[in-house]
file my_file.cif (mmCIF, C-alpha atoms and all ligand atoms)
data_query
#
loop_
_atom_site.label_atom_id
_atom_site.label_comp_id
_atom_site.auth_asym_id
_atom_site.auth_seq_id
_atom_site.Cartn_x
_atom_site.Cartn_y
_atom_site.Cartn_z
CA GLY A 1 45.14 112.87 118.77
CA HIS A 2 43.32 113.37 122.01
CA TRP A 3 41.17 110.22 121.91
CA ARG A 4 44.25 108.16 121.39
CA ASN A 5 45.98 109.40 124.53
CA GLN A 6 42.87 108.66 126.52
CA ALA A 7 42.69 105.15 125.19
CA LEU A 8 46.33 104.63 126.07
CA SER A 9 45.98 106.04 129.57
CA THR A 10 43.33 103.48 130.51
CA HIS A 11 45.46 100.63 129.20
CA THR A 12 47.60 99.26 132.00
CA LYS A 13 51.18 98.38 131.09
CA THR A 14 52.11 94.72 131.06
CA ARG A 15 53.68 93.57 134.30
CA ARG A 16 55.89 90.54 134.64
CA VAL A 17 56.46 88.25 137.62
CA GLU A 18 59.20 85.66 137.39
CA VAL A 19 58.86 82.23 138.95
CA ALA A 20 62.52 81.31 139.42
CA LEU A 21 62.88 77.53 139.47
CA GLY A 22 66.19 76.98 137.69
CA GLU A 23 65.63 75.31 134.34
CA ARG A 24 61.87 75.25 135.04
CA SER A 25 61.70 79.06 135.43
CA TYR A 26 58.94 80.99 133.70
CA ASN A 27 57.24 84.35 133.61
CA ILE A 28 53.72 85.43 134.44
CA GLU A 29 52.64 88.20 132.05
CA ILE A 30 49.89 90.41 133.47
CA GLY A 31 48.17 92.97 131.26
CA GLN A 32 45.40 93.77 128.82
CA GLN A 33 44.73 92.65 125.26
CA LEU A 34 47.22 89.82 125.66
CA LEU A 35 44.89 87.24 124.09
CA THR A 36 45.06 89.09 120.79
CA ASP A 37 48.76 89.92 121.00
CA SER A 38 50.09 87.63 118.27
CA SER A 39 53.73 88.48 118.77
CA LEU A 40 53.54 87.78 122.52
CA LEU A 41 51.73 84.49 121.93
CA HIS A 42 54.20 83.54 119.24
CA ALA A 43 57.12 84.18 121.57
CA LEU A 44 55.62 82.29 124.51
CA ILE A 45 54.13 79.40 122.51
CA PRO A 46 56.94 78.58 120.06
CA ALA A 47 55.48 75.39 118.60
CA ASN A 48 54.12 74.22 115.28
CA GLN A 49 51.45 72.13 116.98
CA VAL A 50 49.23 73.72 119.61
CA MET A 51 46.31 72.13 121.47
CA VAL A 52 43.97 74.52 123.26
CA VAL A 53 41.90 73.00 126.07
CA THR A 54 38.93 74.98 127.35
CA ASN A 55 35.31 74.52 128.41
CA GLU A 56 31.90 75.16 126.89
CA THR A 57 31.37 78.41 128.87
CA ILE A 58 34.69 79.99 127.91
CA ALA A 59 34.91 78.73 124.32
CA PRO A 60 32.17 80.99 122.88
CA LEU A 61 33.72 84.01 124.64
CA TYR A 62 37.43 83.67 123.89
CA LEU A 63 38.41 80.60 121.88
CA ASP A 64 38.10 82.11 118.39
CA ALA A 65 40.13 85.17 119.34
CA LEU A 66 42.89 83.00 120.77
CA VAL A 67 43.00 80.62 117.81
CA LYS A 68 43.17 83.59 115.41
CA SER A 69 46.04 85.22 117.30
CA LEU A 70 47.98 81.97 117.50
CA GLY A 71 48.47 82.33 113.74
CA THR A 72 49.04 79.75 111.07
CA LYS A 73 50.25 76.87 113.19
CA GLN A 74 48.51 73.53 113.42
CA VAL A 75 45.93 74.29 116.08
CA ALA A 76 43.59 71.72 117.60
CA THR A 77 40.99 72.46 120.27
CA CYS A 78 39.21 70.46 122.92
CA VAL A 79 36.11 71.88 124.59
CA LEU A 80 35.15 70.11 127.82
CA PRO A 81 31.95 70.38 129.85
CA ASP A 82 31.95 73.11 132.52
CA GLY A 83 32.31 72.33 136.21
CA GLU A 84 34.40 70.65 138.88
CA GLN A 85 32.72 67.30 137.98
CA ALA A 86 34.59 67.44 134.66
CA LYS A 87 37.94 67.41 136.50
CA ARG A 88 38.35 63.65 136.32
CA LEU A 89 40.42 61.04 134.52
CA ASP A 90 37.92 60.18 131.80
CA SER A 91 37.67 63.83 130.71
CA MET A 92 41.34 63.57 129.77
CA LEU A 93 40.73 60.83 127.21
CA PRO A 94 39.19 63.02 124.48
CA VAL A 95 42.19 65.34 124.81
CA PHE A 96 44.61 62.45 124.32
CA ASP A 97 42.48 61.17 121.42
CA GLU A 98 42.60 64.57 119.74
CA LEU A 99 46.36 64.92 120.27
CA LEU A 100 46.98 61.51 118.71
CA ALA A 101 44.44 61.93 115.90
CA ASN A 102 46.27 65.11 114.90
CA GLY A 103 49.70 63.47 115.11
CA PHE A 104 50.95 65.83 117.81
CA ASP A 105 54.54 65.05 118.78
CA ARG A 106 56.66 65.77 121.84
CA ASP A 107 57.38 69.33 120.68
CA CYS A 108 53.73 70.33 120.80
CA TYR A 109 52.35 72.81 123.34
CA LEU A 110 49.15 72.49 125.31
CA VAL A 111 47.36 75.71 126.20
CA ALA A 112 44.91 75.81 129.11
CA LEU A 113 42.31 78.52 128.48
CA GLY A 114 40.13 78.55 131.58
CA GLY A 115 39.85 78.56 135.34
CA GLY A 116 41.50 76.19 137.77
CA VAL A 117 39.56 73.17 136.56
CA ILE A 118 40.81 73.48 132.98
CA GLY A 119 44.31 74.50 134.11
CA ASP A 120 44.69 71.51 136.46
CA LEU A 121 43.34 69.04 133.89
CA ALA A 122 45.19 70.37 130.83
CA GLY A 123 48.37 70.62 132.90
CA PHE A 124 48.05 66.97 133.89
CA VAL A 125 47.48 65.97 130.26
CA ALA A 126 50.66 67.91 129.40
CA ALA A 127 52.52 66.16 132.24
CA THR A 128 51.65 62.73 130.89
CA TYR A 129 51.26 63.00 127.09
CA GLN A 130 54.32 61.27 125.67
CA ARG A 131 55.88 61.49 129.17
CA GLY A 132 55.52 65.25 129.29
CA VAL A 133 55.08 68.12 126.85
CA ALA A 134 55.15 71.88 127.27
CA PHE A 135 52.12 73.83 128.40
CA VAL A 136 51.05 77.43 128.86
CA GLN A 137 48.37 78.71 131.20
CA ILE A 138 45.91 81.36 130.07
CA PRO A 139 43.85 81.75 133.26
CA THR A 140 40.35 83.18 132.90
CA THR A 141 39.22 83.37 136.55
CA LEU A 142 40.70 85.55 139.27
CA LEU A 143 41.41 82.41 141.29
CA ALA A 144 43.35 80.89 138.39
CA MET A 145 45.30 84.15 137.80
CA VAL A 146 46.43 84.46 141.41
CA ASP A 147 46.66 80.83 142.45
CA SER A 148 46.04 77.72 140.36
CA SER A 149 47.95 78.70 137.20
CA VAL A 150 51.12 79.35 139.20
CA GLY A 151 53.21 76.70 140.92
CA GLY A 152 52.95 73.57 138.82
CA LYS A 153 50.37 71.51 140.70
CA THR A 154 48.28 69.65 138.13
CA GLY A 155 45.77 66.86 138.43
CA VAL A 156 42.23 65.57 138.59
CA ASN A 157 39.81 64.36 141.24
CA HIS A 158 38.91 60.79 142.17
CA PRO A 159 35.50 59.84 143.60
CA CYS A 160 37.39 59.23 146.87
CA GLY A 161 38.97 62.67 147.04
CA LYS A 162 39.87 65.97 145.39
CA ASN A 163 43.16 66.24 143.48
CA MET A 164 44.04 62.62 144.32
CA ILE A 165 45.68 61.95 140.94
CA GLY A 166 48.22 64.40 139.61
CA ALA A 167 51.76 65.54 139.02
CA PHE A 168 54.01 68.53 139.48
CA HIS A 169 54.47 70.02 136.01
CA GLN A 170 55.41 73.67 135.69
CA PRO A 171 54.02 75.69 132.77
CA LYS A 172 56.36 77.43 130.31
CA ALA A 173 54.47 80.69 130.78
CA VAL A 174 51.36 82.16 132.35
CA ILE A 175 49.45 84.79 130.40
CA ALA A 176 47.02 86.69 132.63
CA ASP A 177 44.88 88.90 130.40
CA LEU A 178 42.86 91.06 132.79
CA ASP A 179 40.29 91.81 130.09
CA LEU A 180 39.05 88.22 130.41
CA LEU A 181 37.82 88.97 133.92
CA SER A 182 35.13 91.28 132.55
CA SER A 183 32.81 88.30 131.92
CA LEU A 184 33.51 86.57 135.25
CA PRO A 185 30.42 86.38 137.51
CA ASP A 186 30.65 88.43 140.73
CA ARG A 187 30.43 85.40 142.94
CA GLU A 188 33.44 83.78 141.22
CA PHE A 189 35.31 87.07 141.45
CA ARG A 190 34.71 87.28 145.21
CA ALA A 191 35.82 83.66 145.63
CA GLY A 192 39.09 84.57 143.92
CA MET A 193 39.45 87.51 146.30
CA ALA A 194 39.53 85.06 149.20
CA GLU A 195 42.85 83.73 147.90
CA VAL A 196 44.12 87.28 147.34
CA ILE A 197 43.31 88.18 150.96
CA LYS A 198 44.98 84.92 151.99
CA TYR A 199 48.36 86.09 150.61
CA ALA A 200 48.04 89.33 152.54
CA LEU A 201 47.15 87.62 155.82
CA LEU A 202 49.78 84.93 155.58
CA GLY A 203 52.79 86.94 154.55
CA ASP A 204 52.26 90.49 153.36
CA ALA A 205 51.07 93.03 155.94
CA ALA A 206 51.68 95.94 153.54
CA PHE A 207 49.40 94.32 150.98
CA LEU A 208 46.77 93.87 153.69
CA ALA A 209 46.82 97.62 154.34
CA TRP A 210 46.64 98.30 150.59
CA LEU A 211 43.60 96.04 150.25
CA GLU A 212 41.87 97.75 153.18
CA ALA A 213 42.35 101.08 151.44
CA HIS A 214 41.57 100.02 147.87
CA LEU A 215 38.86 97.36 148.07
CA PRO A 216 36.26 99.56 146.29
CA GLU A 217 38.51 99.95 143.21
CA VAL A 218 39.13 96.21 143.19
CA PHE A 219 35.41 95.44 143.21
CA ALA A 220 34.77 98.08 140.54
CA ARG A 221 37.29 95.94 138.60
CA ASP A 222 39.47 98.96 137.95
CA THR A 223 42.20 97.68 135.65
CA GLU A 224 45.09 99.19 137.58
CA ALA A 225 43.78 97.71 140.82
CA LEU A 226 43.30 94.31 139.18
CA ALA A 227 46.80 94.41 137.72
CA TYR A 228 48.18 95.22 141.15
CA ILE A 229 46.39 92.45 143.07
CA VAL A 230 47.28 89.83 140.46
CA GLU A 231 50.91 90.96 140.38
CA ARG A 232 51.29 91.15 144.15
CA SER A 233 49.53 87.80 144.71
CA CYS A 234 51.72 86.11 142.09
CA GLN A 235 54.85 87.60 143.68
CA ASN A 236 53.79 86.16 147.01
CA LYS A 237 52.97 82.74 145.58
CA ALA A 238 56.16 82.68 143.48
CA ALA A 239 58.31 83.40 146.53
CA ILE A 240 56.81 80.48 148.44
CA VAL A 241 56.90 78.08 145.49
CA GLN A 242 60.53 79.02 144.78
CA ALA A 243 61.45 78.21 148.39
CA ASP A 244 59.57 74.90 148.42
CA GLU A 245 58.47 73.72 144.96
CA LYS A 246 57.13 70.31 146.02
CA GLU A 247 55.62 71.17 149.40
CA ALA A 248 58.22 69.71 151.74
CA GLY A 249 57.46 72.47 154.25
CA GLN A 250 56.92 76.17 153.68
CA ARG A 251 54.51 75.77 150.76
CA ALA A 252 51.95 74.50 153.29
CA LEU A 253 51.58 78.14 154.42
CA LEU A 254 49.47 78.59 151.28
CA ASN A 255 46.87 76.44 153.02
CA LEU A 256 45.86 79.17 155.47
CA GLY A 257 42.16 78.61 156.13
CA HIS A 258 42.17 75.45 154.02
CA SER A 259 41.94 72.76 156.74
CA PHE A 260 38.79 74.41 158.08
CA GLY A 261 37.66 75.30 154.55
CA HIS A 262 38.06 71.79 153.17
CA ALA A 263 35.98 70.53 156.10
CA ILE A 264 33.23 73.02 155.19
CA GLU A 265 33.35 71.95 151.54
CA GLY A 266 33.27 68.27 152.51
CA ALA A 267 30.57 68.56 155.17
CA THR A 268 28.30 70.53 152.82
CA GLY A 269 28.83 67.95 150.06
CA TYR A 270 30.98 69.99 147.62
CA GLY A 271 28.73 72.36 145.72
CA PRO A 272 26.77 74.87 147.78
CA TRP A 273 29.98 76.62 148.90
CA LEU A 274 32.58 77.74 146.38
CA HIS A 275 36.14 76.92 147.41
CA GLY A 276 36.97 80.58 148.00
CA GLU A 277 33.89 81.04 150.18
CA ALA A 278 34.83 78.05 152.33
CA ILE A 279 38.41 79.31 152.58
CA ALA A 280 37.15 82.75 153.63
CA ALA A 281 35.22 81.27 156.56
CA GLY A 282 38.17 78.96 157.24
CA MET A 283 40.56 81.92 157.46
CA CYS A 284 38.23 83.58 159.97
CA MET A 285 38.35 80.40 162.04
CA ALA A 286 42.16 80.38 161.85
CA LEU A 287 42.15 84.04 162.94
CA ARG A 288 39.87 83.27 165.89
CA LEU A 289 41.97 80.30 166.99
CA SER A 290 45.15 82.38 166.68
CA ALA A 291 43.55 85.08 168.85
CA ARG A 292 42.45 82.49 171.40
CA LEU A 293 46.08 81.37 171.62
CA SER A 294 47.12 85.05 172.00
CA TRP A 295 49.29 84.68 168.88
CA ILE A 296 47.45 87.70 167.47
CA THR A 297 45.54 90.40 169.34
CA ALA A 298 41.75 90.68 169.39
CA GLU A 299 42.15 93.84 167.27
CA GLU A 300 44.23 92.03 164.63
CA CYS A 301 41.66 89.23 164.55
CA ALA A 302 38.82 91.73 164.07
CA ARG A 303 40.78 93.52 161.33
CA GLY A 304 41.28 90.33 159.34
CA ILE A 305 37.65 89.29 159.66
CA ALA A 306 36.44 92.79 158.74
CA LEU A 307 38.35 92.71 155.44
CA ILE A 308 36.92 89.30 154.55
CA GLN A 309 33.43 90.55 155.36
CA ARG A 310 33.91 93.71 153.29
CA ALA A 311 34.85 91.49 150.36
CA GLY A 312 31.36 89.99 150.56
CA LEU A 313 32.64 86.63 151.74
CA PRO A 314 31.29 84.43 154.55
CA ILE A 315 32.99 84.85 157.92
CA GLU A 316 31.66 81.76 159.66
CA PRO A 317 30.86 78.16 158.77
CA PRO A 318 27.31 76.78 158.67
CA SER A 319 26.29 76.33 162.32
CA GLN A 320 25.01 72.79 161.65
CA ILE A 321 28.57 71.49 161.25
CA THR A 322 29.48 70.04 164.64
CA PRO A 323 32.98 70.15 166.12
CA GLU A 324 33.11 66.35 165.69
CA THR A 325 32.38 66.65 161.95
CA PHE A 326 35.03 69.35 161.62
CA LEU A 327 37.65 67.20 163.37
CA ASP A 328 36.68 64.19 161.29
CA PHE A 329 37.20 66.03 157.99
CA MET A 330 40.28 67.88 159.19
CA GLN A 331 41.98 64.65 160.26
CA ARG A 332 41.30 63.17 156.81
CA ASP A 333 42.89 66.13 155.03
CA LYS A 334 45.81 64.82 153.04
CA LYS A 335 48.00 67.64 154.28
CA ASN A 336 48.25 65.99 157.69
CA ARG A 337 51.24 63.81 158.30
CA GLY A 338 51.34 61.12 160.97
CA GLY A 339 47.89 61.89 162.36
CA GLN A 340 49.00 65.12 164.06
CA LEU A 341 46.68 68.01 163.22
CA ARG A 342 49.02 70.67 161.85
CA LEU A 343 47.30 73.96 161.19
CA VAL A 344 48.31 77.16 159.49
CA LEU A 345 47.87 79.85 162.13
CA LEU A 346 48.95 83.45 162.49
CA LYS A 347 51.57 84.96 164.75
CA GLY A 348 50.75 88.52 163.80
CA LEU A 349 48.92 89.70 160.68
CA GLY A 350 51.06 88.92 157.66
CA ASN A 351 52.95 86.17 159.47
CA ALA A 352 51.63 82.62 159.16
CA VAL A 353 53.17 79.55 160.75
CA VAL A 354 52.49 75.85 160.31
CA SER A 355 52.05 74.44 163.78
CA ALA A 356 50.81 71.46 165.77
CA ASP A 357 52.07 73.17 168.91
CA TYR A 358 48.82 74.39 170.46
CA PRO A 359 46.54 72.93 173.14
CA GLU A 360 43.81 70.81 171.56
CA SER A 361 41.29 72.43 173.91
CA ALA A 362 41.82 75.76 172.10
CA LEU A 363 40.85 74.17 168.79
CA LEU A 364 37.80 72.50 170.34
CA GLU A 365 36.66 75.73 171.98
CA THR A 366 37.02 77.57 168.68
CA LEU A 367 34.94 74.95 166.88
CA GLN A 368 32.31 75.06 169.63
CA GLU A 369 31.96 78.84 169.25
CA TYR A 370 30.46 78.30 165.81
CA SER A 371 28.23 75.32 166.40
CA ASP A 372 24.65 75.52 167.63
P1 LIG A 401 36.49 76.95 137.51
O1 LIG A 401 37.63 76.61 136.67
O2 LIG A 401 35.43 75.92 137.69
O3 LIG A 401 35.83 78.31 137.01
C1 LIG A 401 34.72 78.83 137.71
C2 LIG A 401 33.54 79.09 136.78
O4 LIG A 401 33.79 80.28 136.03
C3 LIG A 401 33.29 78.02 135.76
O5 LIG A 401 31.91 77.85 135.59
C4 LIG A 401 33.92 78.58 134.50
O6 LIG A 401 33.36 78.06 133.31
C5 LIG A 401 33.60 80.03 134.65
N1 LIG A 401 34.53 80.93 133.97
C6 LIG A 401 35.87 80.84 133.93
N2 LIG A 401 36.39 81.91 133.36
C7 LIG A 401 35.37 82.71 133.00
C8 LIG A 401 35.31 83.97 132.38
N3 LIG A 401 36.39 84.67 132.05
N4 LIG A 401 34.08 84.50 132.13
C9 LIG A 401 32.97 83.83 132.52
N5 LIG A 401 32.98 82.64 133.14
C10 LIG A 401 34.18 82.09 133.38
O7 LIG A 401 36.96 77.33 139.01
P2 LIG A 401 38.24 78.10 139.56
O8 LIG A 401 37.79 78.72 140.81
O9 LIG A 401 38.92 78.91 138.54
O10 LIG A 401 39.23 76.91 139.91
C11 LIG A 401 38.92 75.92 140.86
C12 LIG A 401 39.78 74.72 140.63
O11 LIG A 401 41.15 75.10 140.78
C13 LIG A 401 39.56 73.58 141.61
O12 LIG A 401 39.48 72.38 140.88
C14 LIG A 401 40.81 73.58 142.46
O13 LIG A 401 41.16 72.31 142.94
C15 LIG A 401 41.83 74.12 141.52
N6 LIG A 401 42.97 74.78 142.16
C16 LIG A 401 44.22 74.36 141.80
C17 LIG A 401 45.33 74.96 142.35
C18 LIG A 401 46.69 74.56 141.91
O14 LIG A 401 47.67 74.96 142.53
N7 LIG A 401 46.81 73.81 140.84
C19 LIG A 401 45.17 75.98 143.29
C20 LIG A 401 43.88 76.38 143.63
C21 LIG A 401 42.79 75.76 143.06
MG MG A 402 42.72 77.43 147.70
#

call {"tool": "encode", "arguments": {"input": "my_file.cif", "output": "structure tokens", "more": "lines below"}}
Ligand code: NAD
Ligand code: MG
result
Amino acid sequence: GHWRNQALSTHTKTRRVEVALGERSYNIEIGQQLLTDSSLLHALIPANQVMVVTNETIAPLYLDALVKSLGTKQVATCVLPDGEQAKRLDSMLPVFDELLANGFDRDCYLVALGGGVIGDLAGFVAATYQRGVAFVQIPTTLLAMVDSSVGGKTGVNHPCGKNMIGAFHQPKAVIADLDLLSSLPDREFRAGMAEVIKYALLGDAAFLAWLEAHLPEVFARDTEALAYIVERSCQNKAAIVQADEKEAGQRALLNLGHSFGHAIEGATGYGPWLHGEAIAAGMCMALRLSARLSWITAEECARGIALIQRAGLPIEPPSQITPETFLDFMQRDKKNRGGQLRLVLLKGLGNAVVSADYPESALLETLQEYSD
């Protein structure tokens, strides 16, 4: 009847993005009600033994529903504490203990139900348990849907640095159920939007124009708009990962805003700024430096910054961070090779380049603009 058509019309169709990596290829499924779609889960998680890793914030919201839809298999669960501090080696031990206590063999699947912290940690457990088992990502944050669940980087932090211990281990599938975003706090949602805007700025001018026109729908969390930004972001990330799976070159473009952003995160002591917030300010700094070099026009620079500001994200770093502190953190960034400060900069909106070919004075002047 009538009600039924209405219900159907607000249900976005499932979209699929392929990550084509030869025998490590997989699909990203983007849609609604995927967590309770038993036949989809059964097809994508074809194992008799399944270990779900999640955290104490997400478990009460979604773990029961997932375990029910997984069906009659042998399912074990591991619920970790929430937070970036939990992304460390000793948090992996209870997961290994549970896998072994349940007699899980090499044909088991791990399922990461969570944001980037859970995805990175569970993925690294999967990379190392019995020299590598299959895993599936069920991202629950916008950042995880558009970034961390795609591309196969897994790992944990060390007291001496973020993501210092890890492995490349591609998932067998990514299941992005947009309904899970309904419980995500606004601030986390905005932080995820920083990475979405990043894809537009670095390689997708048409997407940038779309975002400028449709930002209100995105922030109203309109399902069609969410489906579109997740799909388009994943397409962009997949294309770069396919070209350079292990970051020999082009994959570094994904670090637009990240050299500056990591310095902000480091100088503020990891905590007050979310990663996406630091990256947002970092992208503005990359825009300003690119404009100073005349690689983009003043208008293009203003356009990029305006979009970031409209997304409710910071557009400058804290003024207490001195240029010296910035340079200190940026030189420590593990993405630098041979001491030369290579930055991701823009030559036109939607066209990023990795370059060390700029006068150092331009970088210094840009840093000085922000410091008091
Ligand atoms: P997160 O995993 O800490 O999640 C953010 C917060 O949201 C947490 O408190 C979490 O419990 C909560 N949360 C998650 N889903 C929720 C939901 N649906 N409803 C309510 N609350 C929810 O942070 P994140 O931003 O998703 O990920 C950051 C991590 O991702 C960092 O460790 C970073 O290094 C990593 N990362 C990895 C890659 C990669 O390529 N592997 C890329 C980018 C970032
Ligand atoms: Mg990032």

call {"tool": "residues_around", "arguments": {"input": "my_file.cif", "residues": "segment 55-70 of chain A", "least_positions_apart": "3", "cutoff": "10 Å", "atoms": "only C-alpha atoms", "output": "PyMOL selection string"}}
result
chain A and resi 34-42+45-46+50-52+73-83+86+112-115+117-118+138+140+180+183-184

call {"tool": "residues_near_ligand", "arguments": {"input": "my_file.cif", "ligand": "ligand MG 402 (chain A)", "cutoff": "10 Å", "atoms": "only C-alpha atoms and all ligand atoms", "output": "PyMOL selection string"}}
result
chain A and resi 143-144+147-148+191-192+194-196+198+254-258+261-262+275-280

call {"tool": "closest_residue", "arguments": {"input": "my_file.cif", "among": "A:Glu316, A:Glu98, A:Glu324, A:Glu265", "to": "ligand LIG 401 (chain A)", "atoms": "all atoms listed in the file"}}
result
A:Glu265

call {"tool": "atom_distance", "arguments": {"input": "my_file.cif", "atom1": "atom CA of Asn236 of chain A", "atom2": "atom O5 of ligand LIG 401 (chain A)"}}
result
26.0 Å

call {"tool": "residues_around", "arguments": {"input": "my_file.cif", "residues": "Ala20 of chain A", "least_positions_apart": "6", "cutoff": "10 Å", "atoms": "only C-alpha atoms", "output": "ChimeraX atom specification"}}
result
/A:26-27,238-239,241-243

call {"tool": "closest_residue", "arguments": {"input": "my_file.cif", "among": "A:Leu341, A:Met193, A:Ala248, A:Ala47", "to": "Asp328 of chain A", "atoms": "all atoms listed in the file"}}
result
A:Leu341

call {"tool": "closest_residue", "arguments": {"input": "my_file.cif", "among": "A:Gly22, A:Gly152, A:Gly31, A:Pro94", "to": "ligand LIG 401 (chain A)", "atoms": "all atoms listed in the file"}}
result
A:Gly152

call {"tool": "residues_near_point", "arguments": {"input": "my_file.cif", "point": "(48.9, 86.5, 156.4)", "cutoff": "7 Å", "atoms": "only C-alpha atoms", "output": "PyMOL selection string"}}
result
chain A and resi 198-205+346+349-352

call {"tool": "residues_near_point", "arguments": {"input": "my_file.cif", "point": "(49.8, 92.9, 140.9)", "cutoff": "12 Å", "atoms": "only C-alpha atoms", "output": "PyMOL selection string"}}
result
chain A and resi 12-17+28-31+142+145-146+176+178+196+199+207+210-211+218+223-237

call {"tool": "write_last_selection", "arguments": {"input": "my_file.cif", "atoms": "C-alpha atoms", "output": "PDB file, in the coordinates of the input"}}
result
ATOM      1  CA  THR A  12      47.600  99.260 132.000  1.00  0.00           C
ATOM      2  CA  LYS A  13      51.180  98.380 131.090  1.00  0.00           C
ATOM      3  CA  THR A  14      52.110  94.720 131.060  1.00  0.00           C
ATOM      4  CA  ARG A  15      53.680  93.570 134.300  1.00  0.00           C
ATOM      5  CA  ARG A  16      55.890  90.540 134.640  1.00  0.00           C
ATOM      6  CA  VAL A  17      56.460  88.250 137.620  1.00  0.00           C
ATOM      7  CA  ILE A  28      53.720  85.430 134.440  1.00  0.00           C
ATOM      8  CA  GLU A  29      52.640  88.200 132.050  1.00  0.00           C
ATOM      9  CA  ILE A  30      49.890  90.410 133.470  1.00  0.00           C
ATOM     10  CA  GLY A  31      48.170  92.970 131.260  1.00  0.00           C
ATOM     11  CA  LEU A 142      40.700  85.550 139.270  1.00  0.00           C
ATOM     12  CA  MET A 145      45.300  84.150 137.800  1.00  0.00           C
ATOM     13  CA  VAL A 146      46.430  84.460 141.410  1.00  0.00           C
ATOM     14  CA  ALA A 176      47.020  86.690 132.630  1.00  0.00           C
ATOM     15  CA  LEU A 178      42.860  91.060 132.790  1.00  0.00           C
ATOM     16  CA  VAL A 196      44.120  87.280 147.340  1.00  0.00           C
ATOM     17  CA  TYR A 199      48.360  86.090 150.610  1.00  0.00           C
ATOM     18  CA  PHE A 207      49.400  94.320 150.980  1.00  0.00           C
ATOM     19  CA  TRP A 210      46.640  98.300 150.590  1.00  0.00           C
ATOM     20  CA  LEU A 211      43.600  96.040 150.250  1.00  0.00           C
ATOM     21  CA  VAL A 218      39.130  96.210 143.190  1.00  0.00           C
ATOM     22  CA  THR A 223      42.200  97.680 135.650  1.00  0.00           C
ATOM     23  CA  GLU A 224      45.090  99.190 137.580  1.00  0.00           C
ATOM     24  CA  ALA A 225      43.780  97.710 140.820  1.00  0.00           C
ATOM     25  CA  LEU A 226      43.300  94.310 139.180  1.00  0.00           C
ATOM     26  CA  ALA A 227      46.800  94.410 137.720  1.00  0.00           C
ATOM     27  CA  TYR A 228      48.180  95.220 141.150  1.00  0.00           C
ATOM     28  CA  ILE A 229      46.390  92.450 143.070  1.00  0.00           C
ATOM     29  CA  VAL A 230      47.280  89.830 140.460  1.00  0.00           C
ATOM     30  CA  GLU A 231      50.910  90.960 140.380  1.00  0.00           C
ATOM     31  CA  ARG A 232      51.290  91.150 144.150  1.00  0.00           C
ATOM     32  CA  SER A 233      49.530  87.800 144.710  1.00  0.00           C
ATOM     33  CA  CYS A 234      51.720  86.110 142.090  1.00  0.00           C
ATOM     34  CA  GLN A 235      54.850  87.600 143.680  1.00  0.00           C
ATOM     35  CA  ASN A 236      53.790  86.160 147.010  1.00  0.00           C
ATOM     36  CA  LYS A 237      52.970  82.740 145.580  1.00  0.00           C
TER      37      LYS A 237
END

call {"tool": "atom_distance", "arguments": {"input": "my_file.cif", "atom1": "atom CA of Lys246 of chain A", "atom2": "atom C16 of ligand LIG 401 (chain A)"}}
result
14.2 Å

call {"tool": "closest_residue", "arguments": {"input": "my_file.cif", "among": "A:Leu289, A:Ile197, A:Met330, A:Ile296", "to": "Ile308 of chain A", "atoms": "only C-alpha atoms"}}
result
A:Ile197

call {"tool": "atom_distance", "arguments": {"input": "my_file.cif", "atom1": "atom CA of Leu121 of chain A", "atom2": "atom CA of Arg106 of chain A"}}
result
18.3 Å

call {"tool": "axis_aligned_box", "arguments": {"input": "my_file.cif", "around": "ligand LIG 401 (chain A)", "padding_each_side": "4 Å", "output": "JSON"}}
result
{"center_x": 39.8, "center_y": 78.5, "center_z": 137.8, "size_x": 23.8, "size_y": 20.4, "size_z": 19.6}

call {"tool": "residues_around", "arguments": {"input": "my_file.cif", "residues": "Gly123 of chain A", "least_positions_apart": "2", "cutoff": "7 Å", "atoms": "all atoms listed in the file", "output": "ChimeraX atom specification"}}
result
/A:119-121,125-127,135,154,169
